[in-house]
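**Q** Below you'll find the structure I mean.
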Amino acid sequence: MCNCAQGQSTSLCLSHSQNFTNPGEQEAARCDTRAQLEKRGCIEKDIISPQNNLTVTKNTPLSTNAFVKDEPIQLRPQEVNLELRPGLPRTFRLDFRRVEGYPVDLYYLMDLSYSMEDDLRSIKTLGNELFKALQGITKQGRIGFGSFVDKTVLPFTNTNPEKLKKPCAEKEQFCQPAFGYRHVLSMTENKADFNREVDKQRISGNLDSPEGTLDAIMQAAVCGDRIGWRNSSTRLIVLSTDDGFHMAGDGKLAGILEPNDERCYMDNQLYTKSNDMDYPSVGQVASQLEKNNIQPIFAVTKSMENVYRELSRMIPKSEVGVLSEDSKNVVELIQAAYNRLSSKVTVTHDALPDNVRVTYTPLCPGGGPAGDKGVCDNVKVSFNVTVTADECIDREVSFLIGPLGIKDKMKVSLSTHCECECDDPKEKNHTYCNNKGKVNCGMCSCKAGFVGQRCECSIGEKDESSLRAACRKDNGTECEGRGDCVCGICQCYALQGGSTYYGTHCECENESCEKFQNKLCGGNGKCRCKNCDCSPEYEGTACQCKKSDEQCRTPSGSVCSGRGTCQCNQCKCMEGYQRPYCLTCPACQIPCITKGKCIECLGFATGPFSKNCSQTCKSINDFEIVETLPPGKPCDVRDVENCRVFFTIKQLDGEDNYSAQILKTRECPELPNIYAIIGGAIAAVALIGLVILLIIKGFLYWRDVKEFRRFENEKKKEKWTPTAGSNNQSMYDKKLNVHPLECRGLSLGNADV
């Protein structure tokens with residue numbers, strides 16, 4: 001059966017329009033926009049389009065008088081029932097008027113660490129003024145009192161038994177034992193009781209600066225019976241402190257691992273789980289304050305103002321005021337904070353059911369745009385409340401809407417309208433179904449033994465194996481295991497979410513697309529056959545990104561330098577190129593090398609590409625011959641003549657797109673001087689020959705000298721005998737005037753010859 005929820009706000013459910021679907025066509029074609037259905041031939045009366053229904057079940061008029069004992073009505077309507085079509089919003093009006101003199105319960109929660117000694121003295125004298133100020137606000141005012149310091153374990157408090165009894169300085173006479181949080185006085189209208197109990201209070205102490213503030217606020221919020229909060233009252237906690245606060249996780253410093261469970265643990269006016277449970281988180285405190293309609297006023301010293309203003313931003317309906325050094329101005333501070341809180345009305349809701357959205361549009365001057373909260377500065381205000389159910393809800397659900405800090409709430413009961421209301425023919429054997437079944441919302445409901453869109457298929461007349469083969473994709477599982485094979489056609493199963501599998505073999509479904517922020521297709525598109533079909537202004541696998549190329553544009557205005565695509569406002573670059581703008585590619589070949597032959601061809605018409613330069617080198621779209629190159633290290637290559645060609649090259653937008661500047665003058669090597677080479681060679685040969693001759697001559701001279709010395713040595717070894725002959729010989733030598741050595745040398749020379 002066609003489900004009205006499939007098309008959400010733009011879809012329409014078709015009634016019994018015969019011959020609308022073609023044989024074998026999915027029945028899901030019956031659900032489409034009205035325009036598409038009419039275009040396909042569906043007549044107006046056969047189009048079913050369920051609308052939203054709003055029923056106000058309780059609408060008591062607002063109270064017009066000042067507060068009396070009867071419960072005032074400050075919000076209307078009090079109860080509504082909504083029956084919504086998925087995706088189609090419904091808007092209604094909500095009115096609020098604050099009753100004059102509405103009761104106020106004020107709980108004064110004071111830090112009693114040692115540094116607050118002078119503030120405590122001031123509070124003891126201001127009880128009457130507090131009551132007087134409260135009476136100026138309402139005749140139904142009550143005040144309670146509580147105090148806190150910190151957990152009584154190390155490292156927050158000195159655990160020496162004597163120090164636990166008296167954690168103050170030795171000179172301090174009036175000091176009470178260390179404690180975490182103590183409830184002192186429940187809500188009372190009696191000034192004397194308040195003054196008496198506050199006067200009993202004594203200062204205490206701890207070791208570190210932050211206090212157990214959040215512990216105290218949590219117990220004051222959840223222990224309503226002990227504090228004495230009234231059901232019909234404006235609830236205020238006035239927190240007075242001069243220091244910061246511990247929060248969740250700090251308890252681990254003392255070995256406290258059990259998280260805070262947001263429950264009341266009070267015995268004999270003391271918080272009994274102070275040393276057993278960790279501090280609560282800011283979120284836990286904010287949740288309990290909102291749940292119990294309590295509005296905190298942080299009365300803090302100047303040094304702590306910024307800390308508590310940050311805390312106030314996380315806690316709805318809270319205010320911050322700055323105390324004087326001794327807290328004398330606390331009454332004026334409370335009055336001013338209350339006036340600010342009571343003059344502003346903030347409307348919101350509690351936890352919403354899944355797939356339900358609520359927005360508020362303030363109907364007051366300066367109320368601002370629609371959002372998940374509505375804010376107006378007035379005691380009488382109105383809001384337009386818009387509720388939308390994004391998907392079918394299988395049962396009735398409810399939630400509350402109302403002003404923060406006010407007990408009055410409106411209950412919204414919600415159900416969805418997902419079934420088509422068809423005016424079917426009464427015939428049990430309709431001609432549209434070949435007299436084998438009846439028409440049900442335009443589709444045939446066949447008798448036993450017959451199947452098909454129009455009950456045209458009798459199982460007994462067909463070969464079952466051939467019918468089943470038609471239901472298998474690539475000889476796989478029949479209908480992908482997601483439907484039944486009926487007369488050779490897959491009838492797909494329904495999914496838990498209300499939609500069905502579809503496609504020839506039930507291969508598609510619209511519930512398993514990628515999610516973003518726990519929403520299918522990020523809530524910005526529709527799931528179509530496991531893929532997100534994004535709205536025109538969104539993109540991404542989960543429609544998680546708004547379409548924009550602002551962060552992808554280079555200074556020149558191109559997107560990703562033409563070397564990538566802009567996805568989710570970030571460049572997805574081609575392989576090798578780097579973000580953010582796909583400008584550089586460290587792993588790519590350097591164009592100084594790869595484009596060298598093209599530079600030679602374009603600049604000087606030489607090289608291997610010279611015959612087909614324009615086609616081969618079309619990647620260099622722009623080049624010029626220049627006299628000088630710009631500063632920086634240029635590229636250079638050697639051409640076919642062994643000359644160095646200098647150039648600069650710049651990559652333009654695109655993967656293979658460059659511009660170049662080529663230096664007009666090449667650097668070529670000088671030709672060698674042939675005559676100098678030949679002359680040098682001859683001179684070198686002559687010089688080498690001369691050197692060789694000198695070496696030979698030197699060698700011969702060295703050998704002669706050596707022989708002569710050997711001869712001299714042998715001569716000295718001879719023994720001469722003096723004779724007459726010898727003397728005569730000597731005489732003979734003298735006559736000839738020849739030295740004996742010279743004669744012997746000559747004689748030796750002759751002998752050698």
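Residue names in the structure tokens use chain letters A, B, ... in the order shown, residue numbers from 1 in each chain, and ligand numbers from 1 in the order shown.
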Taking only residues of region 437-535 of chain A that have an atom at most 9 Å from an atom of region 407-424 of chain A, what is each one's shortest atom pair and its distance in Å to one decimal, using only C-alpha atoms, in chain and number order, as a tab-separated table?
**A**
```
residue	atom	partner	partner_atom	distance
A:Lys438	CA	A:Asp424	CA	8.8
A:Val439	CA	A:Asp424	CA	6.4
A:Asn440	CA	A:Asp424	CA	5.9
A:Cys441	CA	A:Cys422	CA	5.4
A:Gly442	CA	A:Asp424	CA	7.9
```
**Q** Write the residues of the selection above to a file with N, CA and C atoms, as a PDB file, in the first residue's frame.
**A**
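Resulting contents of result34.pdb:
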```
ATOM      1  N   LYS A 438      -9.816  -7.246  -5.461  1.00  0.00           N
ATOM      2  CA  LYS A 438     -10.446  -5.947  -5.257  1.00  0.00           C
ATOM      3  C   LYS A 438      -9.393  -4.843  -5.237  1.00  0.00           C
ATOM      4  N   VAL A 439      -9.874  -3.603  -5.478  1.00  0.00           N
ATOM      5  CA  VAL A 439      -8.984  -2.449  -5.514  1.00  0.00           C
ATOM      6  C   VAL A 439      -8.835  -1.879  -4.109  1.00  0.00           C
ATOM      7  N   ASN A 440      -7.599  -1.671  -3.708  1.00  0.00           N
ATOM      8  CA  ASN A 440      -7.297  -1.095  -2.397  1.00  0.00           C
ATOM      9  C   ASN A 440      -6.292   0.033  -2.596  1.00  0.00           C
ATOM     10  N   CYS A 441      -6.756   1.295  -2.540  1.00  0.00           N
ATOM     11  CA  CYS A 441      -5.909   2.476  -2.768  1.00  0.00           C
ATOM     12  C   CYS A 441      -5.168   2.384  -4.096  1.00  0.00           C
ATOM     13  N   GLY A 442      -5.910   2.028  -5.152  1.00  0.00           N
ATOM     14  CA  GLY A 442      -5.332   2.002  -6.484  1.00  0.00           C
ATOM     15  C   GLY A 442      -4.569   0.747  -6.813  1.00  0.00           C
TER      16      GLY A 442
END
```
**Q** So which residues touch region 517-526 of chain A within 9 Å, counting only C-alpha atoms, skipping near sequence neighbours fewer than 3 positions away, as a PyMOL selection string?
**A** chain A and resi 510-514+531-545
**Q** For the residues in the current selection, export all heavy atoms as a compact mmCIF listing (two decimals), in the first residue's frame.
**A**
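Dumped everything to selection20.txt:
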```txt
# COMPACT_ATOMS: atom_id res chain seq x y z
N ASN A 510 16.04 3.44 1.58
CA ASN A 510 16.30 4.85 1.88
C ASN A 510 16.51 5.11 3.36
O ASN A 510 16.18 6.17 3.87
CB ASN A 510 15.14 5.72 1.38
CG ASN A 510 14.98 5.66 -0.13
OD1 ASN A 510 15.93 5.35 -0.84
ND2 ASN A 510 13.79 5.95 -0.61
N GLU A 511 17.11 4.12 4.05
CA GLU A 511 17.31 4.32 5.49
C GLU A 511 18.74 4.08 5.94
O GLU A 511 19.03 4.20 7.13
CB GLU A 511 16.37 3.41 6.28
CG GLU A 511 14.90 3.78 6.14
CD GLU A 511 14.01 2.97 7.07
OE1 GLU A 511 14.54 2.22 7.90
OE2 GLU A 511 12.78 3.11 6.97
N SER A 512 19.64 3.71 5.05
CA SER A 512 21.00 3.39 5.48
C SER A 512 22.03 4.34 4.89
O SER A 512 23.19 3.99 4.75
CB SER A 512 21.34 1.95 5.09
OG SER A 512 21.35 1.80 3.68
N CYS A 513 21.62 5.54 4.52
CA CYS A 513 22.58 6.53 4.03
C CYS A 513 23.46 7.01 5.18
O CYS A 513 23.14 6.85 6.36
CB CYS A 513 21.85 7.72 3.39
SG CYS A 513 21.08 7.31 1.81
N GLU A 514 24.54 7.64 4.81
CA GLU A 514 25.46 8.18 5.81
C GLU A 514 24.76 9.25 6.64
O GLU A 514 23.95 10.03 6.13
CB GLU A 514 26.68 8.78 5.10
CG GLU A 514 27.79 9.21 6.03
CD GLU A 514 29.02 9.68 5.30
OE1 GLU A 514 29.14 9.38 4.10
OE2 GLU A 514 29.85 10.36 5.91
N ASN A 531 22.25 6.34 -1.12
CA ASN A 531 23.06 7.53 -1.37
C ASN A 531 22.25 8.78 -1.07
O ASN A 531 21.04 8.82 -1.33
CB ASN A 531 23.55 7.58 -2.83
CG ASN A 531 24.51 6.46 -3.13
OD1 ASN A 531 25.48 6.25 -2.41
ND2 ASN A 531 24.24 5.70 -4.18
N CYS A 532 22.92 9.79 -0.53
CA CYS A 532 22.23 11.02 -0.18
C CYS A 532 22.00 11.90 -1.41
O CYS A 532 22.94 12.17 -2.17
CB CYS A 532 23.05 11.80 0.86
SG CYS A 532 22.99 11.07 2.51
N ASP A 533 20.76 12.30 -1.59
CA ASP A 533 20.40 13.26 -2.62
C ASP A 533 20.20 14.60 -1.91
O ASP A 533 19.17 14.85 -1.29
CB ASP A 533 19.11 12.81 -3.32
CG ASP A 533 18.70 13.74 -4.45
OD1 ASP A 533 19.53 14.59 -4.83
OD2 ASP A 533 17.56 13.64 -4.95
N CYS A 534 21.24 15.44 -1.96
CA CYS A 534 21.27 16.64 -1.14
C CYS A 534 20.37 17.74 -1.70
O CYS A 534 20.11 17.81 -2.91
CB CYS A 534 22.70 17.18 -1.04
SG CYS A 534 23.86 16.00 -0.32
N SER A 535 19.92 18.59 -0.79
CA SER A 535 19.19 19.80 -1.20
C SER A 535 20.13 20.67 -2.02
O SER A 535 21.36 20.56 -1.90
CB SER A 535 18.72 20.56 0.04
OG SER A 535 17.87 19.74 0.82
N PRO A 536 19.57 21.55 -2.86
CA PRO A 536 20.42 22.32 -3.78
C PRO A 536 21.55 23.09 -3.10
O PRO A 536 22.62 23.25 -3.67
CB PRO A 536 19.43 23.28 -4.46
CG PRO A 536 18.12 22.58 -4.36
CD PRO A 536 18.14 21.84 -3.08
N GLU A 537 21.33 23.53 -1.86
CA GLU A 537 22.35 24.36 -1.23
C GLU A 537 23.34 23.57 -0.38
O GLU A 537 24.19 24.15 0.30
CB GLU A 537 21.69 25.43 -0.35
CG GLU A 537 20.89 24.90 0.83
CD GLU A 537 19.45 24.59 0.48
OE1 GLU A 537 19.14 24.41 -0.71
OE2 GLU A 537 18.63 24.54 1.41
N TYR A 538 23.26 22.20 -0.40
CA TYR A 538 24.17 21.39 0.40
C TYR A 538 24.89 20.37 -0.48
O TYR A 538 24.45 20.04 -1.58
CB TYR A 538 23.40 20.65 1.50
CG TYR A 538 22.94 21.55 2.63
CD1 TYR A 538 21.69 22.17 2.58
CD2 TYR A 538 23.76 21.79 3.72
CE1 TYR A 538 21.27 23.01 3.61
CE2 TYR A 538 23.36 22.62 4.74
CZ TYR A 538 22.11 23.23 4.69
OH TYR A 538 21.72 24.06 5.70
N GLU A 539 26.00 19.86 0.05
CA GLU A 539 26.78 18.84 -0.65
C GLU A 539 27.51 17.98 0.37
O GLU A 539 27.44 18.22 1.57
CB GLU A 539 27.78 19.51 -1.60
CG GLU A 539 28.84 20.35 -0.90
CD GLU A 539 29.81 20.99 -1.87
OE1 GLU A 539 29.82 20.58 -3.04
OE2 GLU A 539 30.56 21.89 -1.45
N GLY A 540 28.22 16.98 -0.12
CA GLY A 540 28.94 16.05 0.75
C GLY A 540 28.25 14.70 0.76
O GLY A 540 27.08 14.56 0.42
N THR A 541 28.99 13.67 1.18
CA THR A 541 28.43 12.32 1.20
C THR A 541 27.26 12.21 2.16
O THR A 541 26.41 11.35 2.00
CB THR A 541 29.51 11.31 1.61
OG1 THR A 541 30.07 11.70 2.88
CG2 THR A 541 30.62 11.26 0.57
N ALA A 542 27.23 13.07 3.18
CA ALA A 542 26.11 13.08 4.13
C ALA A 542 25.40 14.43 4.11
O ALA A 542 24.74 14.78 5.07
CB ALA A 542 26.60 12.75 5.53
N CYS A 543 25.54 15.18 2.99
CA CYS A 543 24.92 16.51 2.87
C CYS A 543 25.29 17.38 4.07
O CYS A 543 24.48 18.16 4.56
CB CYS A 543 23.40 16.40 2.76
SG CYS A 543 22.83 15.35 1.39
N GLN A 544 26.54 17.20 4.56
CA GLN A 544 26.94 17.89 5.77
C GLN A 544 27.52 19.27 5.52
O GLN A 544 27.79 20.01 6.47
CB GLN A 544 27.99 17.05 6.53
CG GLN A 544 29.38 16.99 5.90
CD GLN A 544 29.51 15.92 4.84
OE1 GLN A 544 28.53 15.51 4.24
NE2 GLN A 544 30.72 15.48 4.60
N CYS A 545 27.69 19.65 4.27
CA CYS A 545 28.35 20.91 3.98
C CYS A 545 27.45 21.82 3.16
O CYS A 545 26.79 21.37 2.22
CB CYS A 545 29.64 20.68 3.19
SG CYS A 545 30.76 19.50 3.94
```
**Q** Which residues come within 6 Å of region 380-387 of chain A, counting only C-alpha atoms, excluding same-chain residues fewer than 2 positions away, as number ranges by chain?
**A** A: 89-97, 357-363, 378
**Q** Where in region 395-561 of chain A does DSSP assign strand (DSSP E), given as a PyMOL selection string?
**A** chain A and resi 397-403+410-416+437-440+443-446+450-451+457-458+483-486+489-492+515-516+519-520+525-528+531-534+538-539+545-546
**Q** The selected residues should be written to file as a compact mmCIF listing (two decimals), in the first residue's frame (atoms: N, CA and C atoms).
**A**
```txt
# COMPACT_ATOMS: atom_id res chain seq x y z
N VAL A 397 2.87 10.56 21.28
CA VAL A 397 3.89 11.03 22.21
C VAL A 397 3.47 12.41 22.70
N SER A 398 4.14 12.88 23.75
CA SER A 398 3.81 14.20 24.30
C SER A 398 5.05 14.87 24.85
N PHE A 399 5.01 16.18 24.96
CA PHE A 399 6.09 16.97 25.57
C PHE A 399 5.48 18.26 26.09
N LEU A 400 6.27 18.99 26.90
CA LEU A 400 5.79 20.21 27.56
C LEU A 400 6.49 21.44 26.99
N ILE A 401 5.74 22.52 26.90
CA ILE A 401 6.26 23.82 26.47
C ILE A 401 5.88 24.85 27.53
N GLY A 402 6.81 25.74 27.86
CA GLY A 402 6.49 26.77 28.83
C GLY A 402 7.65 27.69 29.09
N PRO A 403 7.41 28.79 29.86
CA PRO A 403 8.48 29.74 30.19
C PRO A 403 9.45 29.14 31.19
N MET A 410 2.42 23.96 28.95
CA MET A 410 1.41 23.49 28.01
C MET A 410 1.81 22.08 27.55
N LYS A 411 0.84 21.16 27.58
CA LYS A 411 1.10 19.80 27.15
C LYS A 411 0.72 19.67 25.67
N VAL A 412 1.67 19.16 24.88
CA VAL A 412 1.43 18.92 23.45
C VAL A 412 1.43 17.42 23.22
N SER A 413 0.29 16.88 22.81
CA SER A 413 0.19 15.46 22.44
C SER A 413 0.29 15.36 20.92
N LEU A 414 1.14 14.46 20.45
CA LEU A 414 1.47 14.43 19.02
C LEU A 414 1.35 13.03 18.45
N SER A 415 0.72 12.93 17.31
CA SER A 415 0.68 11.69 16.52
C SER A 415 0.87 12.08 15.06
N THR A 416 1.18 11.09 14.23
CA THR A 416 1.42 11.37 12.81
C THR A 416 0.34 10.72 11.94
N GLY A 437 -9.63 -9.96 -7.91
CA GLY A 437 -9.32 -9.29 -6.66
C GLY A 437 -10.03 -7.95 -6.58
N LYS A 438 -9.82 -7.25 -5.46
CA LYS A 438 -10.45 -5.95 -5.26
C LYS A 438 -9.39 -4.84 -5.24
N VAL A 439 -9.87 -3.60 -5.48
CA VAL A 439 -8.98 -2.45 -5.51
C VAL A 439 -8.83 -1.88 -4.11
N ASN A 440 -7.60 -1.67 -3.71
CA ASN A 440 -7.30 -1.10 -2.40
C ASN A 440 -6.29 0.03 -2.60
N MET A 443 -4.42 -0.18 -5.85
CA MET A 443 -3.68 -1.40 -6.08
C MET A 443 -4.58 -2.61 -5.87
N CYS A 444 -4.24 -3.67 -6.58
CA CYS A 444 -5.07 -4.87 -6.50
C CYS A 444 -4.69 -5.73 -5.31
N SER A 445 -5.70 -6.19 -4.61
CA SER A 445 -5.53 -7.18 -3.56
C SER A 445 -6.14 -8.48 -4.10
N CYS A 446 -5.27 -9.42 -4.54
CA CYS A 446 -5.70 -10.58 -5.33
C CYS A 446 -6.21 -11.72 -4.46
N PHE A 450 -3.65 -16.18 -7.28
CA PHE A 450 -3.36 -15.17 -8.31
C PHE A 450 -2.45 -14.10 -7.72
N VAL A 451 -1.51 -13.66 -8.54
CA VAL A 451 -0.56 -12.63 -8.11
C VAL A 451 -0.37 -11.66 -9.26
N CYS A 457 -1.48 -13.00 -12.90
CA CYS A 457 -0.59 -14.16 -12.90
C CYS A 457 -1.15 -15.26 -12.01
N SER A 458 -1.37 -16.40 -12.64
CA SER A 458 -1.78 -17.58 -11.89
C SER A 458 -0.57 -18.47 -11.71
N GLY A 483 12.76 -9.36 -0.34
CA GLY A 483 11.41 -9.38 -0.85
C GLY A 483 11.02 -10.77 -1.32
N ASP A 484 9.79 -10.87 -1.78
CA ASP A 484 9.28 -12.14 -2.28
C ASP A 484 9.14 -12.07 -3.80
N CYS A 485 9.49 -13.17 -4.45
CA CYS A 485 9.35 -13.25 -5.90
C CYS A 485 7.94 -13.72 -6.22
N VAL A 486 7.13 -12.82 -6.77
CA VAL A 486 5.74 -13.12 -7.10
C VAL A 486 5.55 -12.93 -8.60
N ILE A 489 8.22 -11.15 -10.39
CA ILE A 489 8.45 -9.76 -9.98
C ILE A 489 8.69 -9.73 -8.48
N CYS A 490 9.68 -8.98 -8.06
CA CYS A 490 10.00 -8.87 -6.64
C CYS A 490 9.01 -7.95 -5.94
N GLN A 491 8.40 -8.46 -4.92
CA GLN A 491 7.59 -7.63 -4.04
C GLN A 491 8.40 -7.42 -2.76
N CYS A 492 8.86 -6.19 -2.59
CA CYS A 492 9.85 -5.89 -1.56
C CYS A 492 9.21 -5.74 -0.19
N LYS A 515 25.10 9.27 7.94
CA LYS A 515 24.50 10.24 8.85
C LYS A 515 25.50 11.31 9.23
N PHE A 516 24.96 12.49 9.55
CA PHE A 516 25.78 13.60 10.07
C PHE A 516 25.00 14.21 11.23
N LYS A 519 21.79 12.56 12.06
CA LYS A 519 20.65 12.74 11.18
C LYS A 519 20.98 12.15 9.82
N LEU A 520 20.02 11.45 9.24
CA LEU A 520 20.20 10.86 7.92
C LEU A 520 20.43 11.97 6.91
N GLY A 525 18.97 16.60 3.10
CA GLY A 525 18.75 15.90 1.84
C GLY A 525 17.92 14.66 2.08
N LYS A 526 17.75 13.88 1.04
CA LYS A 526 16.96 12.67 1.12
C LYS A 526 17.82 11.48 0.74
N CYS A 527 17.56 10.40 1.39
CA CYS A 527 18.28 9.16 1.11
C CYS A 527 17.63 8.47 -0.08
N ARG A 528 18.40 8.27 -1.13
CA ARG A 528 17.90 7.62 -2.35
C ARG A 528 18.79 6.42 -2.66
N ASN A 531 22.25 6.34 -1.12
CA ASN A 531 23.06 7.53 -1.37
C ASN A 531 22.25 8.78 -1.07
N CYS A 532 22.92 9.79 -0.53
CA CYS A 532 22.23 11.02 -0.18
C CYS A 532 22.00 11.90 -1.41
N ASP A 533 20.76 12.30 -1.59
CA ASP A 533 20.40 13.26 -2.62
C ASP A 533 20.20 14.60 -1.91
N CYS A 534 21.24 15.44 -1.96
CA CYS A 534 21.27 16.64 -1.14
C CYS A 534 20.37 17.74 -1.70
N TYR A 538 23.26 22.20 -0.40
CA TYR A 538 24.17 21.39 0.40
C TYR A 538 24.89 20.37 -0.48
N GLU A 539 26.00 19.86 0.05
CA GLU A 539 26.78 18.84 -0.65
C GLU A 539 27.51 17.98 0.37
N CYS A 545 27.69 19.65 4.27
CA CYS A 545 28.35 20.91 3.98
C CYS A 545 27.45 21.82 3.16
N LYS A 546 27.44 23.09 3.50
CA LYS A 546 26.77 24.07 2.67
C LYS A 546 27.63 24.34 1.45
```
**Q** Give me every helix (DSSP H, G or I) residue in region 601-635 of chain A, going by DSSP on the backbone, as a list in words.
**A**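 Matching residues for helix (DSSP H, G or I) in region 601-635 of chain A are Cys601, Leu602, Gly603, Phe604, Ser610, Lys611, Asn612, Cys613, Ser614, Gln615 and Thr616 of chain A.
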**Q** Could you work out how far CA of Ser659 (chain A) lies from CA of Ser558 (chain A), giving the answer in Å with one decimal?
**A**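 Pair CA of Ser558 (chain A) / CA of Ser659 (chain A) returns 16.5 Å.
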**Q** With distances taken over only C-alpha atoms, which of A:Thr188, A:Ser561, A:Thr234, A:Asn306 is nearest to Leu652 (chain A)?
**A**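 Ranked by minimum distance to Leu652 (chain A), first place goes to A:Ser561.
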**Q** Between CA of Leu236 (chain A) and CA of Ile217 (chain A), what is the spacing in Å?
**A**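 Spanning CA of Ile217 (chain A) to CA of Leu236 (chain A) is a straight-line distance of 11.2 Å.
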**Q** Any idea what's packed within 10 Å of Cys601 (chain A), counting only C-alpha atoms, ignoring anything in its chain fewer than 3 positions away? Could you give it as a count of residues only?
**A** 18
**Q** Find the residues near Thr125 (chain A): any atom within 12 Å, counting only C-alpha atoms, skip ones fewer than 6 places away on the same chain, and give them as a list of chain:residue names.
**A**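 My list of contacting residues is A:Asp118, A:Asp119, A:Phe131, A:Lys191, A:Phe194, A:Asn195, A:Arg196, A:Val198, A:Asp199, A:Asp326, A:Ser327, A:Lys328, A:Asn329, A:Val330, A:Val331.
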**Q** Please produce an output containing N, CA and C atoms for each residue in the selection, written as a compact mmCIF listing (two decimals), in the first residue's frame.
**A**
```txt
# COMPACT_ATOMS: atom_id res chain seq x y z
N ASP A 118 33.45 39.03 56.93
CA ASP A 118 32.80 40.34 56.99
C ASP A 118 31.43 40.32 56.29
N ASP A 119 31.28 39.49 55.24
CA ASP A 119 30.00 39.37 54.55
C ASP A 119 28.95 38.74 55.46
N PHE A 131 13.55 41.08 53.96
CA PHE A 131 12.10 40.83 54.00
C PHE A 131 11.33 42.03 53.45
N LYS A 191 10.22 36.76 59.97
CA LYS A 191 11.50 37.47 59.99
C LYS A 191 12.33 37.06 61.21
N PHE A 194 14.17 33.85 60.66
CA PHE A 194 15.30 34.05 59.74
C PHE A 194 16.46 34.72 60.46
N ASN A 195 16.18 35.82 61.18
CA ASN A 195 17.26 36.55 61.86
C ASN A 195 17.92 35.69 62.93
N ARG A 196 17.13 34.89 63.64
CA ARG A 196 17.68 34.05 64.69
C ARG A 196 18.62 32.99 64.13
N VAL A 198 20.14 32.91 61.16
CA VAL A 198 21.32 33.48 60.52
C VAL A 198 22.31 33.97 61.56
N ASP A 199 21.80 34.49 62.66
CA ASP A 199 22.68 35.00 63.71
C ASP A 199 23.49 33.88 64.36
N ASP A 326 31.84 44.20 51.69
CA ASP A 326 31.23 43.60 52.87
C ASP A 326 29.79 43.14 52.63
N SER A 327 29.36 43.07 51.37
CA SER A 327 28.03 42.59 50.98
C SER A 327 26.90 43.49 51.46
N LYS A 328 27.17 44.76 51.74
CA LYS A 328 26.13 45.67 52.20
C LYS A 328 25.07 45.92 51.12
N ASN A 329 25.47 45.75 49.85
CA ASN A 329 24.54 46.06 48.76
C ASN A 329 23.75 44.85 48.28
N VAL A 330 23.73 43.76 49.05
CA VAL A 330 23.11 42.54 48.57
C VAL A 330 21.61 42.70 48.34
N VAL A 331 20.93 43.53 49.14
CA VAL A 331 19.49 43.71 48.96
C VAL A 331 19.20 44.38 47.63
```
**Q** Select, from A:Phe298, A:Tyr271, A:Phe148, A:Tyr493, the residue with the minimum atom-to-atom distance to Thr213 (chain A), counting only C-alpha atoms.
**A** A:Phe148
